[in-house]
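Listing of run-v1.cif; format and content: mmCIF, C-alpha atoms.
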data_work
loop_
_atom_site.label_atom_id
_atom_site.label_comp_id
_atom_site.auth_asym_id
_atom_site.auth_seq_id
_atom_site.Cartn_x
_atom_site.Cartn_y
_atom_site.Cartn_z
CA MET A 1 218.91 145.50 4.37
CA LYS A 2 218.76 142.38 2.32
CA THR A 3 215.62 140.66 1.14
CA ARG A 4 216.44 137.84 3.51
CA ASP A 5 216.38 140.21 6.50
CA TYR A 6 212.99 141.62 5.45
CA LEU A 7 211.64 138.09 5.13
CA ASN A 8 212.94 137.15 8.60
CA ILE A 9 211.31 140.24 10.13
CA LEU A 10 208.04 139.44 8.34
CA LEU A 11 208.17 135.83 9.53
CA ALA A 12 208.85 136.89 13.13
CA ALA A 13 206.04 139.46 13.11
CA GLY A 14 203.60 136.97 11.57
CA SER A 15 204.52 134.31 14.13
CA ILE A 16 204.04 136.74 17.03
CA VAL A 17 200.61 137.77 15.74
CA LEU A 18 199.48 134.17 15.20
CA LEU A 19 200.79 132.85 18.50
CA SER A 20 199.45 135.77 20.57
CA ALA A 21 195.92 134.92 19.42
CA CYS A 22 196.13 131.39 20.83
CA GLU A 23 194.37 130.44 24.05
CA LYS A 24 194.93 127.31 26.07
CA GLU A 25 192.15 124.79 26.72
CA VAL A 26 189.49 126.59 24.69
CA TYR A 27 188.14 123.36 23.26
CA SER A 28 187.93 120.36 25.50
CA PRO A 29 186.48 117.33 23.71
CA GLU A 30 186.05 115.37 26.94
CA ASN A 31 183.38 117.83 28.16
CA ALA A 32 180.82 116.89 25.49
CA LYS A 33 181.16 113.61 23.64
CA ASN A 34 177.99 114.14 21.57
CA THR A 35 174.92 116.35 21.30
CA LYS A 36 173.06 114.28 23.90
CA ASP A 37 175.45 115.67 26.51
CA LEU A 38 174.34 119.23 25.76
CA SER A 39 171.64 120.74 27.94
CA ALA A 40 168.61 122.16 26.14
CA PRO A 41 164.95 122.64 27.10
CA ALA A 42 162.75 119.58 26.54
CA ASP A 43 160.64 121.35 23.89
CA PHE A 44 163.69 122.47 21.84
CA ASP A 45 163.58 120.65 18.47
CA TRP A 46 166.96 121.75 17.03
CA LYS A 47 165.32 123.21 13.91
CA THR A 48 166.31 126.56 12.46
CA THR A 49 163.36 126.69 10.05
CA ALA A 50 159.65 126.07 10.39
CA SER A 51 157.19 124.97 7.74
CA ALA A 52 154.19 127.26 7.30
CA THR A 53 151.30 127.09 4.84
CA TYR A 54 149.67 130.31 3.70
CA SER A 55 146.48 130.76 1.72
CA ILE A 56 146.87 133.68 -0.71
CA THR A 57 143.86 135.14 -2.54
CA SER A 58 143.92 137.80 -5.26
CA PRO A 59 140.97 139.63 -6.88
CA VAL A 60 142.55 139.07 -10.35
CA ASN A 61 144.88 136.55 -12.00
CA THR A 62 148.40 137.56 -11.04
CA ILE A 63 151.91 136.37 -10.16
CA VAL A 64 153.52 137.09 -6.78
CA SER A 65 156.86 136.63 -5.01
CA ILE A 66 157.39 135.97 -1.31
CA TYR A 67 160.29 137.37 0.77
CA THR A 68 161.50 137.34 4.37
CA ASP A 69 162.36 141.06 4.47
CA ALA A 70 160.46 144.21 3.52
CA ALA A 71 163.18 145.32 1.08
CA CYS A 72 162.40 142.24 -1.07
CA THR A 73 166.02 141.42 -1.89
CA ASP A 74 167.21 138.27 -3.68
CA GLU A 75 168.87 137.12 -0.46
CA SER A 76 165.46 136.96 1.24
CA LEU A 77 163.47 135.45 -1.66
CA LEU A 78 161.53 132.35 -0.58
CA ALA A 79 159.27 131.87 -3.63
CA GLU A 80 158.81 133.60 -6.96
CA GLY A 81 156.45 133.16 -9.87
CA VAL A 82 153.60 131.95 -7.66
CA VAL A 83 150.53 132.04 -9.90
CA LEU A 84 147.26 133.17 -8.32
CA LYS A 85 143.87 132.69 -9.99
CA ALA A 86 141.17 135.33 -9.48
CA ASN A 87 139.26 134.91 -6.20
CA ARG A 88 140.62 131.38 -5.69
CA PRO A 89 142.80 130.73 -2.62
CA THR A 90 146.22 129.30 -3.45
CA GLU A 91 148.01 127.25 -0.79
CA VAL A 92 151.74 128.01 -0.51
CA THR A 93 153.96 126.02 1.87
CA LEU A 94 157.25 127.67 2.81
CA GLU A 95 160.25 126.86 5.00
CA ILE A 96 160.80 130.05 6.98
CA PRO A 97 163.75 130.76 9.32
CA THR A 98 162.45 130.55 12.89
CA TYR A 99 163.86 133.95 13.85
CA LYS A 100 161.78 135.73 11.17
CA THR A 101 158.53 137.26 12.41
CA ASN A 102 157.02 138.28 9.05
CA ILE A 103 156.92 137.38 5.38
CA TYR A 104 156.26 139.84 2.58
CA VAL A 105 154.19 139.10 -0.52
CA GLN A 106 155.20 141.31 -3.45
CA TYR A 107 152.56 141.81 -6.13
CA PRO A 108 152.22 144.00 -9.26
CA THR A 109 150.22 147.25 -9.23
CA ALA A 110 149.64 150.02 -11.76
CA ASN A 111 152.55 151.97 -10.20
CA GLY A 112 155.04 149.10 -10.08
CA LYS A 113 155.07 146.71 -7.15
CA ALA A 114 153.51 146.73 -3.69
CA ILE A 115 154.01 144.59 -0.59
CA LYS A 116 151.55 142.82 1.73
CA GLU A 117 152.98 141.83 5.11
CA ALA A 118 151.96 138.66 6.96
CA GLY A 119 153.11 137.26 10.30
CA THR A 120 154.85 133.92 10.66
CA ASP A 121 153.16 133.02 13.95
CA ALA A 122 149.39 132.37 13.82
CA VAL A 123 148.87 132.92 17.57
CA THR A 124 147.25 136.34 17.20
CA ARG A 125 144.60 137.54 14.80
CA ALA A 126 147.08 139.94 13.14
CA ASN A 127 149.25 136.96 12.18
CA ASP A 128 146.57 135.06 10.23
CA LYS A 129 147.82 132.59 7.59
CA ASN A 130 145.21 133.85 5.09
CA ILE A 131 146.58 136.62 2.90
CA ILE A 132 144.07 138.58 0.82
CA LEU A 133 145.59 141.00 -1.69
CA PRO A 134 143.86 144.39 -2.16
CA PRO A 135 141.85 145.33 -5.29
CA ALA A 136 144.79 147.44 -6.56
CA VAL A 137 146.55 144.31 -7.85
CA ASN A 138 147.35 144.36 -11.58
CA GLN A 139 146.45 141.38 -13.66
CA GLU A 140 149.51 139.45 -14.79
CA GLU A 141 149.40 136.17 -16.70
CA PRO A 142 152.20 133.58 -16.55
CA GLU A 143 154.09 132.44 -19.60
CA ASP A 144 152.48 129.37 -21.20
CA ASP A 145 155.25 126.99 -20.10
CA LYS A 146 155.02 128.14 -16.46
CA LYS A 147 151.25 128.04 -15.84
CA GLY A 148 150.62 127.26 -12.20
CA PHE A 149 154.24 126.69 -11.20
CA GLY A 150 156.38 128.83 -8.94
CA HIS A 151 159.99 128.54 -7.87
CA TYR A 152 160.55 127.81 -4.19
CA TYR A 153 163.94 128.44 -2.61
CA TYR A 154 165.38 126.93 0.54
CA PRO A 155 166.76 128.63 2.58
CA ASN A 156 166.65 131.49 0.04
CA LYS A 157 167.44 132.30 -3.60
CA SER A 158 171.13 132.99 -3.02
CA GLY A 159 171.45 129.47 -1.58
CA LYS A 160 173.36 130.73 1.43
CA GLY A 161 172.47 129.16 4.72
CA THR A 162 174.05 128.41 8.04
CA LEU A 163 176.37 125.46 8.39
CA MET A 164 177.30 124.49 11.92
CA PHE A 165 180.84 123.28 12.53
CA GLU A 166 183.43 123.38 15.23
CA ASP A 167 184.98 126.82 14.77
CA LEU A 168 187.97 126.22 16.98
CA ILE A 169 189.13 123.14 15.11
CA LEU A 170 188.91 125.05 11.83
CA ILE A 171 190.90 127.96 13.26
CA TRP A 172 193.57 125.54 14.53
CA GLU A 173 193.84 123.94 11.06
CA ILE A 174 194.18 127.35 9.39
CA MET A 175 196.87 128.41 11.85
CA THR A 176 198.77 125.15 11.31
CA LEU A 177 198.67 125.59 7.54
CA THR A 178 199.72 129.23 7.82
CA ILE A 179 202.69 128.42 10.03
CA SER A 180 203.70 125.55 7.71
CA SER A 181 203.51 127.87 4.70
CA LEU A 182 205.59 130.54 6.45
CA LEU A 183 208.25 128.02 7.45
CA THR A 184 208.38 126.65 3.89
CA MET A 185 208.75 130.18 2.48
CA TRP A 186 211.49 130.97 5.01
CA THR A 187 213.34 127.78 4.08
CA LEU A 188 213.12 128.53 0.36
CA PHE A 189 214.19 132.17 0.63
CA SER A 190 216.92 131.66 3.22
CA GLN A 191 219.03 129.54 0.88
#

Output the structure of this file as structure tokens.
Amino acid sequence: MKTRDYLNILLAAGSIVLLSACEKEVYSPENAKNTKDLSAPADFDWKTTASATYSITSPVNTIVSIYTDAACTDESLLAEGVVLKANRPTEVTLEIPTYKTNIYVQYPTANGKAIKEAGTDAVTRANDKNIILPPAVNQEEPEDDKKGFGHYYYPNKSGKGTLMFEDLILIWEIMTLTISSLLTMWTLFSQ
């Protein structure tokens, strides 16, 4: 078979796949003109993060990092380089995703690093906003140019967050561009 025949078969197969995925009347703009038309509970504030202030106390001068998962990955890093002075509470205000139930304070020890867990909801005694690190914390002094300053990340260190958009419109635009590209290729190769 010729190259042209292969291209025609490829174009036909691609068109069938793209068109079989289409549904009629999935998005109807007349149903909701704006967000006021949506139904939500009266106490729903449309926020995906909540601001929380924690008081962290260490028995020695040290530097800690704060994460949203126990594995302490860069993707969950909320704050790093937070300097704590011995026996002096340090206030740390964070923007925490509302679906997270805990934060994790990572601190240096003689054997590497350890983690102290704290809840994000202060309703129960277990979820107190005062975090007291254990005596096993190693002393760690900040570099001279970074005394007292930490780096705070929002929503996290990787900078990836959630962006809300109309998925169906985007899919329609992608399909339109794909079909246009296929038709252009077919026109070029069929000559």

* Please check which residues have atoms at most 7 Å from (153.0, 136.4, -11.3) in the file's coordinates, counting all atoms listed in the file, and write them as a PyMOL selection string. => chain A and resi 62-64+81-83+140-142

Take the residues that were just selected and, keeping C-alpha atoms, output them as a PDB file, in the coordinates of the input.
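Final output, selection_3.pdb:
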ATOM      1  CA  THR A  62     148.400 137.560 -11.040  1.00  0.00           C
ATOM      2  CA  ILE A  63     151.910 136.370 -10.160  1.00  0.00           C
ATOM      3  CA  VAL A  64     153.520 137.090  -6.780  1.00  0.00           C
ATOM      4  CA  GLY A  81     156.450 133.160  -9.870  1.00  0.00           C
ATOM      5  CA  VAL A  82     153.600 131.950  -7.660  1.00  0.00           C
ATOM      6  CA  VAL A  83     150.530 132.040  -9.900  1.00  0.00           C
ATOM      7  CA  GLU A 140     149.510 139.450 -14.790  1.00  0.00           C
ATOM      8  CA  GLU A 141     149.400 136.170 -16.700  1.00  0.00           C
ATOM      9  CA  PRO A 142     152.200 133.580 -16.550  1.00  0.00           C
TER      10      PRO A 142
END

* For the atom pair CA of Glu91 in chain A and CA of Pro134 in chain A, what is the interatomic distance in Å to one decimal place? ->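 CA of Pro134 in chain A lies at a distance of 17.7 Å from CA of Glu91 in chain A.
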
Residues returned when the PyMOL selection byres ((chain A and resi 50) around 8) runs on this file, as a PDB file with C-alpha atoms, in the coordinates of the input:
ATOM      1  CA  LYS A  47     165.320 123.210  13.910  1.00  0.00           C
ATOM      2  CA  THR A  48     166.310 126.560  12.460  1.00  0.00           C
ATOM      3  CA  THR A  49     163.360 126.690  10.050  1.00  0.00           C
ATOM      4  CA  SER A  51     157.190 124.970   7.740  1.00  0.00           C
ATOM      5  CA  ALA A  52     154.190 127.260   7.300  1.00  0.00           C
ATOM      6  CA  GLU A  95     160.250 126.860   5.000  1.00  0.00           C
ATOM      7  CA  ILE A  96     160.800 130.050   6.980  1.00  0.00           C
ATOM      8  CA  PRO A  97     163.750 130.760   9.320  1.00  0.00           C
ATOM      9  CA  THR A  98     162.450 130.550  12.890  1.00  0.00           C
TER      10      THR A  98
END

* Take CA of Val60 in chain A and CA of Tyr104 in chain A and report the distance between them in Å, one decimal. => 18.9 Å

* Asked: What is the CA of Ile66 in chain A-CA of Val105 in chain A distance in Å, reported with one decimal?
  ->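 So the two atoms, CA of Ile66 in chain A and CA of Val105 in chain A, lie 4.5 Å apart.
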
* Asked: Smallest atom-to-atom distance to Pro108 in chain A: which of A:Ala13, A:Val137, A:Leu94, A:Ile132, using all atoms listed in the file?
  ->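 Smallest separation from Pro108 in chain A among the options: A:Val137.
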
* Quick one: which residues end up in the PyMOL selection byres ((chain A and resi 58) around 6) for this structure, as a ChimeraX atom specification? -> /A:57,59-60,86-87,133

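When the PyMOL selection byres ((chain A and resi 68) around 9) is evaluated on the file shown here, the picked residues come out as Ile66, Tyr67, Asp69, Ala70, Ala71, Cys72, Thr73, Glu75, Ser76, Leu77, Leu78, Ile96, Pro97, Lys100, Thr101, Asn102, Ile103, Tyr104, Val105 and Asn156 of chain A.
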
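Among A:Asn8, A:Thr176, A:Thr93, A:Thr109, the residue with the shortest atom-to-atom distance to Lys129 in chain A, counting only C-alpha atoms, is A:Thr93.
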